[in-house]
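Chemist: Just data-v6.cif, nothing more (mmCIF, C-alpha atoms; chains and numbers go by the auth columns):
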data_start
#
loop_
_atom_site.group_PDB
_atom_site.id
_atom_site.type_symbol
_atom_site.label_atom_id
_atom_site.label_comp_id
_atom_site.label_asym_id
_atom_site.label_seq_id
_atom_site.Cartn_x
_atom_site.Cartn_y
_atom_site.Cartn_z
_atom_site.B_iso_or_equiv
_atom_site.auth_seq_id
_atom_site.auth_asym_id
ATOM 1 C CA MET A 1 -18.330 -8.419 -38.831 0.00 104 A
ATOM 2 C CA GLU A 2 -18.427 -4.645 -39.156 0.00 105 A
ATOM 3 C CA SER A 3 -17.793 -2.382 -36.174 0.00 106 A
ATOM 4 C CA LEU A 4 -21.312 -1.017 -36.013 0.00 107 A
ATOM 5 C CA GLU A 5 -22.757 -4.537 -36.190 0.00 108 A
ATOM 6 C CA ILE A 6 -20.718 -5.402 -33.083 0.00 109 A
ATOM 7 C CA ALA A 7 -22.117 -2.296 -31.368 0.00 110 A
ATOM 8 C CA ASP A 8 -25.678 -3.216 -32.373 0.00 111 A
ATOM 9 C CA ARG A 9 -25.272 -6.716 -30.945 0.00 112 A
ATOM 10 C CA LEU A 10 -23.932 -5.278 -27.686 0.00 113 A
ATOM 11 C CA ARG A 11 -26.852 -2.851 -27.498 0.00 114 A
ATOM 12 C CA GLY A 12 -29.253 -5.727 -28.164 0.00 115 A
ATOM 13 C CA PHE A 13 -27.940 -7.876 -25.315 0.00 116 A
ATOM 14 C CA PHE A 14 -27.022 -5.074 -22.897 0.00 117 A
ATOM 15 C CA PRO A 15 -29.357 -2.126 -23.660 0.00 118 A
ATOM 16 C CA GLU A 16 -29.013 -0.563 -20.194 0.00 119 A
ATOM 17 C CA GLU A 17 -25.235 -0.923 -20.078 0.00 120 A
ATOM 18 C CA VAL A 18 -24.173 0.599 -23.423 0.00 121 A
ATOM 19 C CA LEU A 19 -24.040 4.398 -23.076 0.00 122 A
ATOM 20 C CA ASP A 20 -22.152 5.583 -26.159 0.00 123 A
ATOM 21 C CA VAL A 21 -20.751 4.146 -29.378 0.00 124 A
ATOM 22 C CA ARG A 22 -18.147 5.825 -31.539 0.00 125 A
ATOM 23 C CA GLU A 23 -16.165 4.717 -34.536 0.00 126 A
ATOM 24 C CA PHE A 24 -13.044 6.436 -35.779 0.00 127 A
ATOM 25 C CA ARG A 25 -11.028 5.123 -38.707 0.00 128 A
ATOM 26 C CA GLY A 26 -12.541 1.698 -38.326 0.00 129 A
ATOM 27 C CA GLN A 27 -11.868 1.398 -34.592 0.00 130 A
ATOM 28 C CA LEU A 28 -14.922 0.861 -32.434 0.00 131 A
ATOM 29 C CA ALA A 29 -15.101 2.458 -28.982 0.00 132 A
ATOM 30 C CA VAL A 30 -18.008 1.639 -26.683 0.00 133 A
ATOM 31 C CA LEU A 31 -18.665 3.353 -23.341 0.00 134 A
ATOM 32 C CA VAL A 32 -20.453 1.107 -20.830 0.00 135 A
ATOM 33 C CA ARG A 33 -21.572 1.044 -17.223 0.00 136 A
ATOM 34 C CA SER A 34 -19.382 -1.184 -15.085 0.00 137 A
ATOM 35 C CA GLY A 35 -22.121 -3.020 -13.157 0.00 138 A
ATOM 36 C CA ARG A 36 -22.226 -6.000 -15.538 0.00 139 A
ATOM 37 C CA ILE A 37 -18.684 -5.755 -16.875 0.00 140 A
ATOM 38 C CA LEU A 38 -17.902 -9.460 -16.496 0.00 141 A
ATOM 39 C CA GLU A 39 -21.037 -10.398 -18.451 0.00 142 A
ATOM 40 C CA LEU A 40 -20.130 -7.898 -21.182 0.00 143 A
ATOM 41 C CA LEU A 41 -16.559 -9.153 -21.402 0.00 144 A
ATOM 42 C CA ALA A 42 -17.675 -12.800 -21.420 0.00 145 A
ATOM 43 C CA TYR A 43 -20.147 -12.024 -24.233 0.00 146 A
ATOM 44 C CA LEU A 44 -17.426 -10.345 -26.277 0.00 147 A
ATOM 45 C CA ARG A 45 -15.033 -13.239 -25.648 0.00 148 A
ATOM 46 C CA ASP A 46 -17.408 -16.178 -26.083 0.00 149 A
ATOM 47 C CA VAL A 47 -20.035 -14.969 -28.557 0.00 150 A
ATOM 48 C CA LEU A 48 -18.141 -12.419 -30.642 0.00 151 A
ATOM 49 C CA ASP A 49 -14.874 -14.408 -30.461 0.00 152 A
ATOM 50 C CA MET A 50 -12.772 -11.589 -28.999 0.00 153 A
ATOM 51 C CA ARG A 51 -10.508 -13.953 -27.108 0.00 154 A
ATOM 52 C CA HIS A 52 -7.413 -11.749 -27.103 0.00 155 A
ATOM 53 C CA LEU A 53 -7.139 -9.129 -24.361 0.00 156 A
ATOM 54 C CA GLN A 54 -4.594 -6.805 -25.974 0.00 157 A
ATOM 55 C CA ALA A 55 -4.438 -4.204 -23.236 0.00 158 A
ATOM 56 C CA LEU A 56 -6.136 -2.957 -20.105 0.00 159 A
ATOM 57 C CA CYS A 57 -5.525 0.416 -18.481 0.00 160 A
ATOM 58 C CA GLY A 58 -7.073 3.010 -16.221 0.00 161 A
ATOM 59 C CA VAL A 59 -7.900 6.613 -17.073 0.00 162 A
ATOM 60 C CA ASP A 60 -8.406 9.532 -14.687 0.00 163 A
ATOM 61 C CA ASN A 61 -11.108 11.785 -16.182 0.00 164 A
ATOM 62 C CA SER A 62 -11.568 13.813 -13.009 0.00 165 A
ATOM 63 C CA ARG A 63 -10.578 17.129 -14.619 0.00 166 A
ATOM 64 C CA ARG A 64 -12.437 16.695 -17.900 0.00 167 A
ATOM 65 C CA ASN A 65 -15.632 18.670 -18.321 0.00 168 A
ATOM 66 C CA GLU A 66 -17.692 16.258 -20.397 0.00 169 A
ATOM 67 C CA PRO A 67 -21.253 15.755 -19.179 0.00 170 A
ATOM 68 C CA GLY A 68 -22.006 12.182 -18.168 0.00 171 A
ATOM 69 C CA LEU A 69 -18.335 11.198 -17.994 0.00 172 A
ATOM 70 C CA SER A 70 -17.336 9.307 -14.870 0.00 173 A
ATOM 71 C CA PRO A 71 -14.248 10.371 -12.911 0.00 174 A
ATOM 72 C CA PHE A 72 -12.413 7.153 -13.848 0.00 175 A
ATOM 73 C CA GLU A 73 -12.525 4.496 -16.562 0.00 176 A
ATOM 74 C CA VAL A 74 -11.045 1.085 -17.139 0.00 177 A
ATOM 75 C CA VAL A 75 -10.313 0.582 -20.838 0.00 178 A
ATOM 76 C CA TYR A 76 -10.187 -2.900 -22.373 0.00 179 A
ATOM 77 C CA HIS A 77 -8.758 -3.473 -25.850 0.00 180 A
ATOM 78 C CA LEU A 78 -10.117 -6.772 -27.181 0.00 181 A
ATOM 79 C CA TYR A 79 -9.455 -8.451 -30.513 0.00 182 A
ATOM 80 C CA SER A 80 -10.692 -11.465 -32.455 0.00 183 A
ATOM 81 C CA ILE A 81 -7.797 -12.961 -34.378 0.00 184 A
ATOM 82 C CA ARG A 82 -10.126 -15.283 -36.311 0.00 185 A
ATOM 83 C CA GLN A 83 -12.702 -12.628 -37.212 0.00 186 A
ATOM 84 C CA ARG A 84 -10.192 -9.762 -37.492 0.00 187 A
ATOM 85 C CA HIS A 85 -12.214 -7.280 -35.528 0.00 188 A
ATOM 86 C CA GLY A 86 -11.654 -5.501 -32.272 0.00 189 A
ATOM 87 C CA ILE A 87 -13.171 -3.148 -29.773 0.00 190 A
ATOM 88 C CA ARG A 88 -12.106 -0.590 -27.212 0.00 191 A
ATOM 89 C CA LEU A 89 -14.470 -1.023 -24.285 0.00 192 A
ATOM 90 C CA ARG A 90 -14.503 1.902 -21.838 0.00 193 A
ATOM 91 C CA ALA A 91 -16.068 0.973 -18.497 0.00 194 A
ATOM 92 C CA MET A 92 -17.111 3.835 -16.229 0.00 195 A
ATOM 93 C CA VAL A 93 -15.845 3.778 -12.640 0.00 196 A
ATOM 94 C CA ASP A 94 -17.438 6.361 -10.352 0.00 197 A
ATOM 95 C CA ASP A 95 -15.485 5.469 -7.217 0.00 198 A
ATOM 96 C CA PRO A 96 -11.974 4.016 -7.619 0.00 199 A
ATOM 97 C CA GLU A 97 -12.079 2.594 -4.077 0.00 200 A
ATOM 98 C CA GLU A 98 -15.268 0.666 -4.866 0.00 201 A
ATOM 99 C CA GLY A 99 -13.729 -0.203 -8.226 0.00 202 A
ATOM 100 C CA ILE A 100 -14.801 -2.734 -10.817 0.00 203 A
ATOM 101 C CA ASP A 101 -14.913 -6.521 -11.078 0.00 204 A
ATOM 102 C CA SER A 102 -11.643 -8.200 -12.004 0.00 205 A
ATOM 103 C CA ALA A 103 -11.307 -9.719 -15.482 0.00 206 A
ATOM 104 C CA VAL A 104 -8.824 -12.334 -14.226 0.00 207 A
ATOM 105 C CA PRO A 105 -11.507 -15.085 -14.203 0.00 208 A
ATOM 106 C CA LEU A 106 -11.886 -14.520 -17.967 0.00 209 A
ATOM 107 C CA TRP A 107 -8.264 -13.779 -18.925 0.00 210 A
ATOM 108 C CA THR A 108 -5.447 -14.769 -16.579 0.00 211 A
ATOM 109 C CA GLY A 109 -3.300 -12.237 -18.441 0.00 212 A
ATOM 110 C CA ALA A 110 -5.407 -9.465 -16.907 0.00 213 A
ATOM 111 C CA ASN A 111 -3.687 -10.145 -13.575 0.00 214 A
ATOM 112 C CA TRP A 112 -0.625 -7.944 -13.997 0.00 215 A
ATOM 113 C CA LEU A 113 -2.486 -5.376 -16.121 0.00 216 A
ATOM 114 C CA GLU A 114 -4.971 -4.834 -13.297 0.00 217 A
ATOM 115 C CA ARG A 115 -2.176 -4.673 -10.737 0.00 218 A
ATOM 116 C CA GLU A 116 -0.446 -2.007 -12.843 0.00 219 A
ATOM 117 C CA THR A 117 -3.706 -0.050 -13.160 0.00 220 A
ATOM 118 C CA TRP A 118 -4.263 -0.199 -9.407 0.00 221 A
ATOM 119 C CA ASP A 119 -0.635 0.720 -8.702 0.00 222 A
ATOM 120 C CA LEU A 120 -0.570 3.774 -10.981 0.00 223 A
ATOM 121 C CA VAL A 121 -4.200 4.983 -11.078 0.00 224 A
ATOM 122 C CA GLY A 122 -5.642 3.502 -7.886 0.00 225 A
ATOM 123 C CA ILE A 123 -8.678 1.701 -9.322 0.00 226 A
ATOM 124 C CA HIS A 124 -9.587 -1.316 -7.177 0.00 227 A
ATOM 125 C CA PHE A 125 -10.400 -4.613 -8.930 0.00 228 A
ATOM 126 C CA ARG A 126 -12.916 -6.640 -6.914 0.00 229 A
ATOM 127 C CA GLY A 127 -12.087 -10.329 -6.764 0.00 230 A
ATOM 128 C CA HIS A 128 -8.505 -9.915 -7.962 0.00 231 A
ATOM 129 C CA PRO A 129 -6.370 -12.781 -6.586 0.00 232 A
ATOM 130 C CA ASP A 130 -3.333 -10.654 -5.627 0.00 233 A
ATOM 131 C CA LEU A 131 -3.962 -6.912 -5.896 0.00 234 A
ATOM 132 C CA ARG A 132 -0.723 -5.308 -4.719 0.00 235 A
ATOM 133 C CA ARG A 133 1.901 -2.979 -6.149 0.00 236 A
ATOM 134 C CA ILE A 134 3.762 -4.216 -9.199 0.00 237 A
ATOM 135 C CA LEU A 135 5.878 -1.256 -10.379 0.00 238 A
ATOM 136 C CA LEU A 136 6.335 0.994 -7.363 0.00 239 A
ATOM 137 C CA PRO A 137 7.895 0.142 -3.985 0.00 240 A
ATOM 138 C CA ASP A 138 5.473 -1.271 -1.409 0.00 241 A
ATOM 139 C CA ASP A 139 5.810 1.838 0.781 0.00 242 A
ATOM 140 C CA TRP A 140 4.947 4.279 -2.053 0.00 243 A
ATOM 141 C CA GLN A 141 2.262 6.788 -1.137 0.00 244 A
ATOM 142 C CA GLY A 142 -0.548 7.454 -3.614 0.00 245 A
ATOM 143 C CA HIS A 143 -1.061 6.660 -7.281 0.00 246 A
ATOM 144 C CA PRO A 144 1.094 8.792 -9.619 0.00 247 A
ATOM 145 C CA LEU A 145 -1.179 8.804 -12.691 0.00 248 A
ATOM 146 C CA ARG A 146 -4.025 10.449 -10.815 0.00 249 A
ATOM 147 C CA LYS A 147 -4.635 14.091 -11.608 0.00 250 A
ATOM 148 C CA GLU A 148 -4.409 15.144 -7.948 0.00 251 A
ATOM 149 C CA TYR A 149 -1.022 13.475 -7.469 0.00 252 A
ATOM 150 C CA PRO A 150 1.589 16.152 -6.637 0.00 253 A
ATOM 151 C CA VAL A 151 3.952 16.784 -9.533 0.00 254 A
ATOM 152 C CA LYS A 152 6.601 18.323 -7.336 0.00 255 A
ATOM 153 C CA ILE A 153 7.558 16.387 -4.259 0.00 256 A
ATOM 154 C CA PRO A 154 9.282 18.368 -1.502 0.00 257 A
ATOM 155 C CA ALA A 155 12.992 17.659 -1.171 0.00 258 A
ATOM 156 C CA ARG A 156 13.878 15.280 1.622 0.00 259 A
ATOM 157 C CA GLY A 157 17.379 16.543 2.236 0.00 260 A
ATOM 158 C CA HIS A 158 20.164 14.028 1.830 0.00 261 A
ATOM 159 C CA GLU A 159 18.092 10.978 2.642 0.00 262 A
ATOM 160 C CA GLU A 160 18.665 8.071 0.332 0.00 263 A
ATOM 161 C CA TRP A 161 16.390 5.189 -0.399 0.00 264 A
ATOM 162 C CA GLU A 162 17.582 2.386 1.857 0.00 265 A
ATOM 163 C CA GLY A 163 17.884 -0.054 -1.053 0.00 266 A
ATOM 164 C CA LEU A 164 20.043 2.272 -3.172 0.00 267 A
ATOM 165 C CA THR A 165 23.405 1.030 -1.874 0.00 268 A
ATOM 166 C CA ALA A 166 22.492 -2.613 -2.523 0.00 269 A
ATOM 167 C CA LEU A 167 21.169 -1.690 -5.970 0.00 270 A
ATOM 168 C CA ARG A 168 24.394 0.122 -6.883 0.00 271 A
ATOM 169 C CA LYS A 169 26.460 -2.869 -5.704 0.00 272 A
ATOM 170 C CA ARG A 170 24.347 -5.299 -7.773 0.00 273 A
ATOM 171 C CA ALA A 171 24.620 -3.029 -10.838 0.00 274 A
ATOM 172 C CA ALA A 172 28.421 -3.010 -10.472 0.00 275 A
ATOM 173 C CA GLU A 173 28.440 -6.822 -10.222 0.00 276 A
ATOM 174 C CA LEU A 174 26.347 -7.157 -13.365 0.00 277 A
ATOM 175 C CA ASP A 175 28.469 -4.582 -15.179 0.00 278 A
ATOM 176 C CA ALA A 176 31.585 -6.608 -14.376 0.00 279 A
ATOM 177 C CA LEU A 177 30.019 -9.529 -16.245 0.00 280 A
ATOM 178 C CA SER A 178 29.253 -7.527 -19.375 0.00 281 A
ATOM 179 C CA TRP A 179 31.213 -8.146 -22.570 0.00 282 A
ATOM 180 C CA GLN A 180 32.738 -4.666 -22.427 0.00 283 A
ATOM 181 C CA GLY A 181 34.204 -4.468 -18.975 0.00 284 A
ATOM 182 C CA GLY A 182 33.860 -7.789 -17.298 0.00 285 A
ATOM 183 C CA ALA A 183 35.310 -11.249 -17.368 0.00 286 A
ATOM 184 C CA ARG A 184 36.826 -12.244 -20.686 0.00 287 A
ATOM 185 C CA HIS A 185 36.259 -15.680 -22.087 0.00 288 A
ATOM 186 C CA GLU A 186 38.855 -17.001 -24.475 0.00 289 A
#
Would you write the structure of this file as structure tokens?
Modeler:
Amino acid sequence: MESLEIADRLRGFFPEEVLDVREFRGQLAVLVRSGRILELLAYLRDVLDMRHLQALCGVDNSRRNEPGLSPFEVVYHLYSIRQRHGIRLRAMVDDPEEGIDSAVPLWTGANWLERETWDLVGIHFRGHPDLRRILLPDDWQGHPLRKEYPVKIPARGHEEWEGLTALRKRAAELDALSWQGGARHE
């Protein structure tokens, strides 16, 4: 199936949801509203055979000056191994706190991808089974891939992260086991 045929089928089933279609070097990108995202994703998975969720990420568009562009997006990269076609689906998110429906009911592999997106960009995924930090410490303030996140953080003096001493000790223990400096097996 050709890229534009996929776009036409999406427009046919979801005329109010599909906002923009672009193709560049054979890669299809479709911008959609997020209100029926689970229906769109299920259609792509079940009808167009795009069963492989390659990637999922969040984008902060808040400083871009494109008319009609929402402040945030969730981007899904889907692929059909059997049909050898794929799509980049860009779902608009106006309010990251309100968020978008979780894709975990369709792909269990979306679990950690959505957690990472929430952790770094701050987009909430409604219905997610365990939406909590995955990369940053639990007490981290803010979401570092947002445009308004401060690049320079004021110095905190000589305070150290309370887990640093334990981390250094564990690193030394693991280093002692390495083939270069640790226990030798004869």
Chemist: Set the distance at 9 Å and use only C-alpha atoms: which residues neighbour Arg136 in chain A once local chain neighbours fewer than 4 positions away are removed? I'd like the list as a tab-separated table (two decimals) with C-alpha atoms, in the coordinates of the input.
Modeler:
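As written to disk, around29.tsv reads:
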chain	number	residue	atom	x	y	z
A	119	GLU	CA	-29.01	-0.56	-20.19
A	120	GLU	CA	-25.24	-0.92	-20.08
A	121	VAL	CA	-24.17	0.60	-23.42
A	122	LEU	CA	-24.04	4.40	-23.08
A	140	ILE	CA	-18.68	-5.76	-16.88
A	193	ARG	CA	-14.50	1.90	-21.84
A	194	ALA	CA	-16.07	0.97	-18.50
A	195	MET	CA	-17.11	3.84	-16.23
A	196	VAL	CA	-15.84	3.78	-12.64
Chemist: Set the distance at 8 Å and use all atoms listed in the file: which residues neighbour Ser183 in chain A once local chain neighbours fewer than 4 positions away are removed? I'd like the list as a PDB file with C-alpha atoms, keeping the file's coordinate frame.
Modeler:
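Wrote it out as out-v9.pdb, contents follow:
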ATOM      1  CA  LEU A 151     -18.141 -12.419 -30.642  1.00  0.00           C
ATOM      2  CA  ASP A 152     -14.874 -14.408 -30.461  1.00  0.00           C
ATOM      3  CA  MET A 153     -12.772 -11.589 -28.999  1.00  0.00           C
ATOM      4  CA  ARG A 154     -10.508 -13.953 -27.108  1.00  0.00           C
ATOM      5  CA  HIS A 155      -7.413 -11.749 -27.103  1.00  0.00           C
ATOM      6  CA  ARG A 187     -10.192  -9.762 -37.492  1.00  0.00           C
ATOM      7  CA  HIS A 188     -12.214  -7.280 -35.528  1.00  0.00           C
ATOM      8  CA  GLY A 189     -11.654  -5.501 -32.272  1.00  0.00           C
TER       9      GLY A 189
END
Chemist: Determine the nearest neighbour of Leu192 in chain A from the options A:Glu265, A:Asp111, A:Glu276, A:Glu176, counting only C-alpha atoms.
Modeler: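 Nearest to Leu192 in chain A: A:Glu176.
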Chemist: So what do you get for CA of His180 in chain A versus CA of Arg166 in chain A, distance-wise?
Modeler: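 Computing it gives 23.5 Å between the two atoms.
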Chemist: Applying 12 Å and only C-alpha atoms, which residues near range 209-221 of chain A remain after dropping the ones on its own chain fewer than 6 positions away? List them as number ranges by chain.
Modeler: A: 140-149, 153-163, 175-181, 199-203, 227-239, 245-249
Chemist: Can you tell me, as JSON, the centre and edge lengths (Å, one decimal) of the axis-aligned box enclosing all of range 149-163 of chain A's listed atoms after padding each side by 6 Å?
Modeler:
{"center_x": -12.2, "center_y": -3.3, "center_z": -22.7, "size_x": 27.6, "size_y": 37.7, "size_z": 28.0}
Chemist: Calculated over only C-alpha atoms, which of the candidates A:Met104, A:Ala275, A:Val135, A:Val254 has the smallest distance to Pro118 in chain A?
Modeler: A:Val135
Chemist: Go through A:Asp241, A:Arg185, A:Arg271, A:Ser205 one by one, measure the shortest atom-to-atom distance of each to Gly138 in chain A using all atoms listed in the file, and give the residue with the smallest value.
Modeler: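 Ranking A:Asp241, A:Arg185, A:Arg271, A:Ser205 by distance to Gly138 in chain A, first place goes to A:Ser205.
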Chemist: Report, in Å with one decimal, the straight-line distance from CA of Ser281 in chain A to CA of Pro240 in chain A.
Modeler: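 Between these atoms lies a distance of 27.4 Å.
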Chemist: In Å, with one decimal, what is the gap from CA of Glu105 in chain A to CA of Gln186 in chain A?
Modeler: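 Distance between the two atoms: 10.0 Å.
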Chemist: Carefully work through the PyMOL selection byres ((chain A and resi 125) around 10) for this structure and note down the residues it includes, as a VMD selection string.
Modeler: chain A and resid 106 to 107 110 123 to 124 126 to 127 129 to 134 191
